[in-house]
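Enquirer: One structure is given below, represented as structure tokens, and several questions about it will come after.
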Amino acid sequence: MKLMSLLLTTSMVLPQFSYAQSGRPSDAEMAAMRQSQPMVPQILSVDTKKLYLNDTANSSRAMRSSLSAKREQLSKTHKKLGEVRDRAFTDMDKDYNLLNPETGMTFWEEFQALKNGDLDVLTSKYPDQKTKLKLGKLLKPDLINLLHFMTWMRANGLVTFKSLMANDNDGILELGKLKIENSPYEVDGPTYVITKFKDVEKALADNELFSVRNYHQRMKDSVGDFMLGNDNKAINHEHTWLRGLIDVKEMEPRIRPLVRSIFEQEMKNLELVKMNPYTKQLEGNIELINHIARRVPAILTIKYFGFEGITPEKIMEWSRATQDDFFHNVTGDDTKAKAAVKAGQEMQSQLTKLVDNKFKNIASLAQKPREEQTILDRMVMSIGDINDPSLSEDDLLNLLKDKVYILKNDTEELSKLDRATIISRVKSRVRTNLIGTLVGGLETTQAAISQVLNLILGDKDLTKKAQALSLTAKTGRQQQQQFNNLVWEVLRFHPVNPVVFRYIEKDTELSGVKMKAKSHIIIATQAAMFDPDVFPNPESIDINRFASPHNDKYFHLGYGKHRCLGDYVSMIQVPEIISGILALPNVRKMPGAYGELDFNHMTTRALIGGDKFDQSFPERMILEYNSSSARPLSIKKIEVQDQSVSFEAYLKDYDRNHF
């Protein structure tokens, strides 16, 4: 405690700017204060640690302490299983990696106990789930097993799958029916889990049998009828059109330098500096998730895909809300669904004028050098001048051939659409496809970056190896590919999505196991990436596992027709941002809780009101690094122009929520 006290004694915040202010003045009071007080700027030296330790300006120390204790209790089991996962590189062969630290049992042993109705095995060990499991006595055992599987998988997918595969020869598990609030489709069967590579690959490739019906309607309600929310429909040809606009040849000469420049600028803008009271040396701090892993991809999205005039903060907000609903809201939680719909409506509204202007000025777009064109620019140019009054309806429809799909459904007739309707729907399709580049582009990216760095920086030997590979990556294509391979290899141990949900359209079978139509299937992509038939010595990190980046067997970026639209961009920016972090002098996690990769960080405000994004994504991890001749640090100043507003109000919302 004495050490912490010394570390927290450098605050120079002026008295009138209280972090614990109970509330902001009313508009009338602020106006009166502005008239009575001269606008004299005040320069404040920011104490980084003090900022980090204040969850919100609207809570007492006692309340923060109480709620913090509650949160620690609720996350106890998940945290312990997470620690097991994070030791994977050094302790993978030890038996305890297969055990739940709370019960001393493997996933399979707990699974069998629950299957036999022995709920007491868990009720005494899971205080946060005790009520749920007691209620479970009134439910079918297979539904309890579904809850049990999801709990284990969210805490530590690899441990769960290892235990399952070691005890189940066909690698397929049958669980209870997934209950979905206000489901727009029928569910009339169990939930299957598949783990073997051959089954996973087949399920992801066969979109007729295993469809995305489970998130189709939610995506349509929010952002529109995006082609990746459909299977084997006419609208899916838009995928080919959009893929053709993303030029693979420009990835290295354009995207890599752009990512580097954005990263460096954001480091300068957002790094905080403190004085180490013992060494008297300046040390840098950066909140990895929101300052780098989310923000850099957000700015790249604006610059490359074409969200002109939209702030990074708004991009981050939209992406988080939509992806949380589409891909994490498996039970159909209404709060998450409403947040996604609201985000989609905002996107459509704010992009309307932008898209209109692009079509009005299509001639000027052709004058842009290709290396400066956004994907939105190319979308509009590839369609043509839809505003040309000399074009007939037939001419307009010819412009759209093999590009955008403007029908409401497959039974609607093109010939019955008038000119105004055609133009309106073209613009709508362009907006929806632009939004689609955002939906999966930020949260998956930030999770990949933060989860890889969490594992790399958690092992000193791996840190040194990764830093050495990162340095040599700049010397040639082969060296760069080896560093890329390291990133994707490490990500196997804690992937962005260890499982993918699909809907079974027809009765079928995998590996001899019959599966019922109108059921859900959990496709365990992480388990598949540890299948020794395809990944020899799966628990080792092999940077030469696959000779070509285009022939890999990873599932990080999707698969088949549902592979990420921006996969080429991700293949550049994820390793590049990780490389930038590893280049920081003596970079390490901040000691204590603030340096942990936190999936469940909730501010006091969020705890009181409920956190709609609870546990879906990494939310905070603070890194430290040294000042050096190559990267000198200095205490930054914040200029407060209006003394009537508390200093805390000068923080951005996304900063305030995580400091």
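The way I read the labels, and the way they are meant: chains A, B, ... in the order of the structure tokens, residue 1 as the first residue of every chain, and ligand 1 as the first ligand shown, with later ones counted on from there.
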Residues within 7 Å of A:Phe161, please, as a PyMOL selection string. Count only C-alpha atoms; anything in the same chain fewer than 4 positions from it doesn't count.

Expert: chain A and resi 157+165+527

Enquirer: Write to file, as an mmCIF file, in the first residue's frame, the residues of the selection just made, with N, CA and C atoms.

Expert:
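Output file part30.cif is given in full below:
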```cif
data_model
loop_
_atom_site.group_PDB
_atom_site.id
_atom_site.type_symbol
_atom_site.label_atom_id
_atom_site.label_comp_id
_atom_site.auth_asym_id
_atom_site.auth_seq_id
_atom_site.Cartn_x
_atom_site.Cartn_y
_atom_site.Cartn_z
ATOM 1 N N GLY A 157 -11.788 -21.465 -23.917
ATOM 2 C CA GLY A 157 -12.192 -22.359 -24.992
ATOM 3 C C GLY A 157 -11.259 -23.538 -25.179
ATOM 4 N N MET A 165 -12.533 -33.235 -26.617
ATOM 5 C CA MET A 165 -11.960 -34.093 -27.663
ATOM 6 C C MET A 165 -11.268 -35.315 -27.086
ATOM 7 N N ALA A 527 -11.150 -25.340 -31.723
ATOM 8 C CA ALA A 527 -10.853 -26.768 -31.601
ATOM 9 C C ALA A 527 -10.276 -27.302 -32.907
#
```

Enquirer: Excluding stretch 316-320 of chain A and residues on its chain fewer than 5 positions from it, collect all residues at most 7 Å away from it, counting only C-alpha atoms, and give them as a compact mmCIF listing (two decimals) with all heavy atoms, in the first residue's frame.

Expert:
```txt
# COMPACT_ATOMS: atom_id res chain seq x y z
N ARG A 294 -8.66 -0.22 -31.06
CA ARG A 294 -9.91 0.19 -31.68
C ARG A 294 -9.71 1.43 -32.55
O ARG A 294 -10.27 1.54 -33.64
CB ARG A 294 -10.97 0.51 -30.61
CG ARG A 294 -11.76 -0.68 -30.10
CD ARG A 294 -12.93 -0.26 -29.22
NE ARG A 294 -13.74 -1.41 -28.84
CZ ARG A 294 -13.96 -1.80 -27.59
NH1 ARG A 294 -13.43 -1.14 -26.58
NH2 ARG A 294 -14.71 -2.85 -27.34
N ALA A 298 -10.22 2.26 -36.66
CA ALA A 298 -11.32 3.18 -36.95
C ALA A 298 -10.87 4.27 -37.91
O ALA A 298 -11.57 4.62 -38.87
CB ALA A 298 -11.85 3.79 -35.65
N ALA A 343 -27.77 2.14 -33.87
CA ALA A 343 -26.51 2.40 -34.56
C ALA A 343 -26.70 2.36 -36.07
O ALA A 343 -26.17 3.20 -36.81
CB ALA A 343 -25.45 1.39 -34.13
N LEU A 438 -17.64 -1.87 -42.14
CA LEU A 438 -17.36 -1.45 -40.77
C LEU A 438 -17.78 -2.50 -39.75
O LEU A 438 -17.09 -2.70 -38.74
CB LEU A 438 -18.12 -0.14 -40.48
CG LEU A 438 -18.26 0.31 -39.02
CD1 LEU A 438 -16.89 0.62 -38.44
CD2 LEU A 438 -19.17 1.52 -38.93
N VAL A 439 -18.89 -3.18 -40.02
CA VAL A 439 -19.51 -4.06 -39.02
C VAL A 439 -18.51 -5.06 -38.43
O VAL A 439 -18.43 -5.23 -37.22
CB VAL A 439 -20.71 -4.80 -39.63
CG1 VAL A 439 -21.18 -5.92 -38.71
CG2 VAL A 439 -21.86 -3.83 -39.89
N LEU A 442 -13.78 -3.64 -36.86
CA LEU A 442 -13.11 -3.04 -35.71
C LEU A 442 -12.99 -3.98 -34.52
O LEU A 442 -11.90 -4.19 -33.99
CB LEU A 442 -13.86 -1.76 -35.28
CG LEU A 442 -13.27 -0.47 -35.82
CD1 LEU A 442 -13.47 -0.39 -37.33
CD2 LEU A 442 -13.92 0.74 -35.16
N GLU A 443 -14.12 -4.56 -34.08
CA GLU A 443 -14.07 -5.37 -32.87
C GLU A 443 -13.25 -6.64 -33.06
O GLU A 443 -12.52 -7.06 -32.16
CB GLU A 443 -15.49 -5.70 -32.40
CG GLU A 443 -16.25 -4.50 -31.86
CD GLU A 443 -15.49 -3.75 -30.77
OE1 GLU A 443 -14.82 -4.39 -29.94
OE2 GLU A 443 -15.56 -2.51 -30.75
```

Enquirer: Give me the residues within 9 Å of A:Glu283 as number ranges by chain, counting only C-alpha atoms and dropping any in the same chain fewer than 2 places off.

Expert: A: 272-276, 281, 285, 624-627, 633-634

Enquirer: Keeping C-alpha atoms for every residue in the selection just given, could you write it to a file as a PDB file, in the first residue's frame?

Expert:
```pdb
ATOM      1  CA  LEU A 272       0.181   9.573 -20.983  1.00  0.00           C
ATOM      2  CA  VAL A 273       3.425  10.066 -19.102  1.00  0.00           C
ATOM      3  CA  LYS A 274       4.305   9.682 -15.432  1.00  0.00           C
ATOM      4  CA  MET A 275       7.453  10.095 -13.391  1.00  0.00           C
ATOM      5  CA  ASN A 276       8.679   6.941 -11.666  1.00  0.00           C
ATOM      6  CA  GLN A 281      12.614   8.304 -15.120  1.00  0.00           C
ATOM      7  CA  ASN A 285       1.342   4.619 -20.553  1.00  0.00           C
ATOM      8  CA  GLU A 624       3.896   0.776 -19.841  1.00  0.00           C
ATOM      9  CA  TYR A 625       7.149   1.532 -21.628  1.00  0.00           C
ATOM     10  CA  ASN A 626      10.352   3.475 -20.991  1.00  0.00           C
ATOM     11  CA  SER A 627      11.546   6.783 -22.289  1.00  0.00           C
ATOM     12  CA  LEU A 633       8.749  11.220 -23.396  1.00  0.00           C
ATOM     13  CA  SER A 634       7.593  14.398 -21.712  1.00  0.00           C
TER      14      SER A 634
END
```

Enquirer: Taking only C-alpha atoms into account, which of A:Lys589, A:Lys314, A:Arg370, A:Arg154 comes nearest A:Lys249?

Expert: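 Going through A:Lys589, A:Lys314, A:Arg370, A:Arg154 one by one, the smallest distance to A:Lys249 is for A:Arg370.
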
Enquirer: Which residue gives the smallest distance to A:Pro253 among A:Ile504, A:Leu400, A:Ala524, A:Glu371, with only C-alpha atoms counted?

Expert: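 Closest to A:Pro253, using only C-alpha atoms: A:Glu371.
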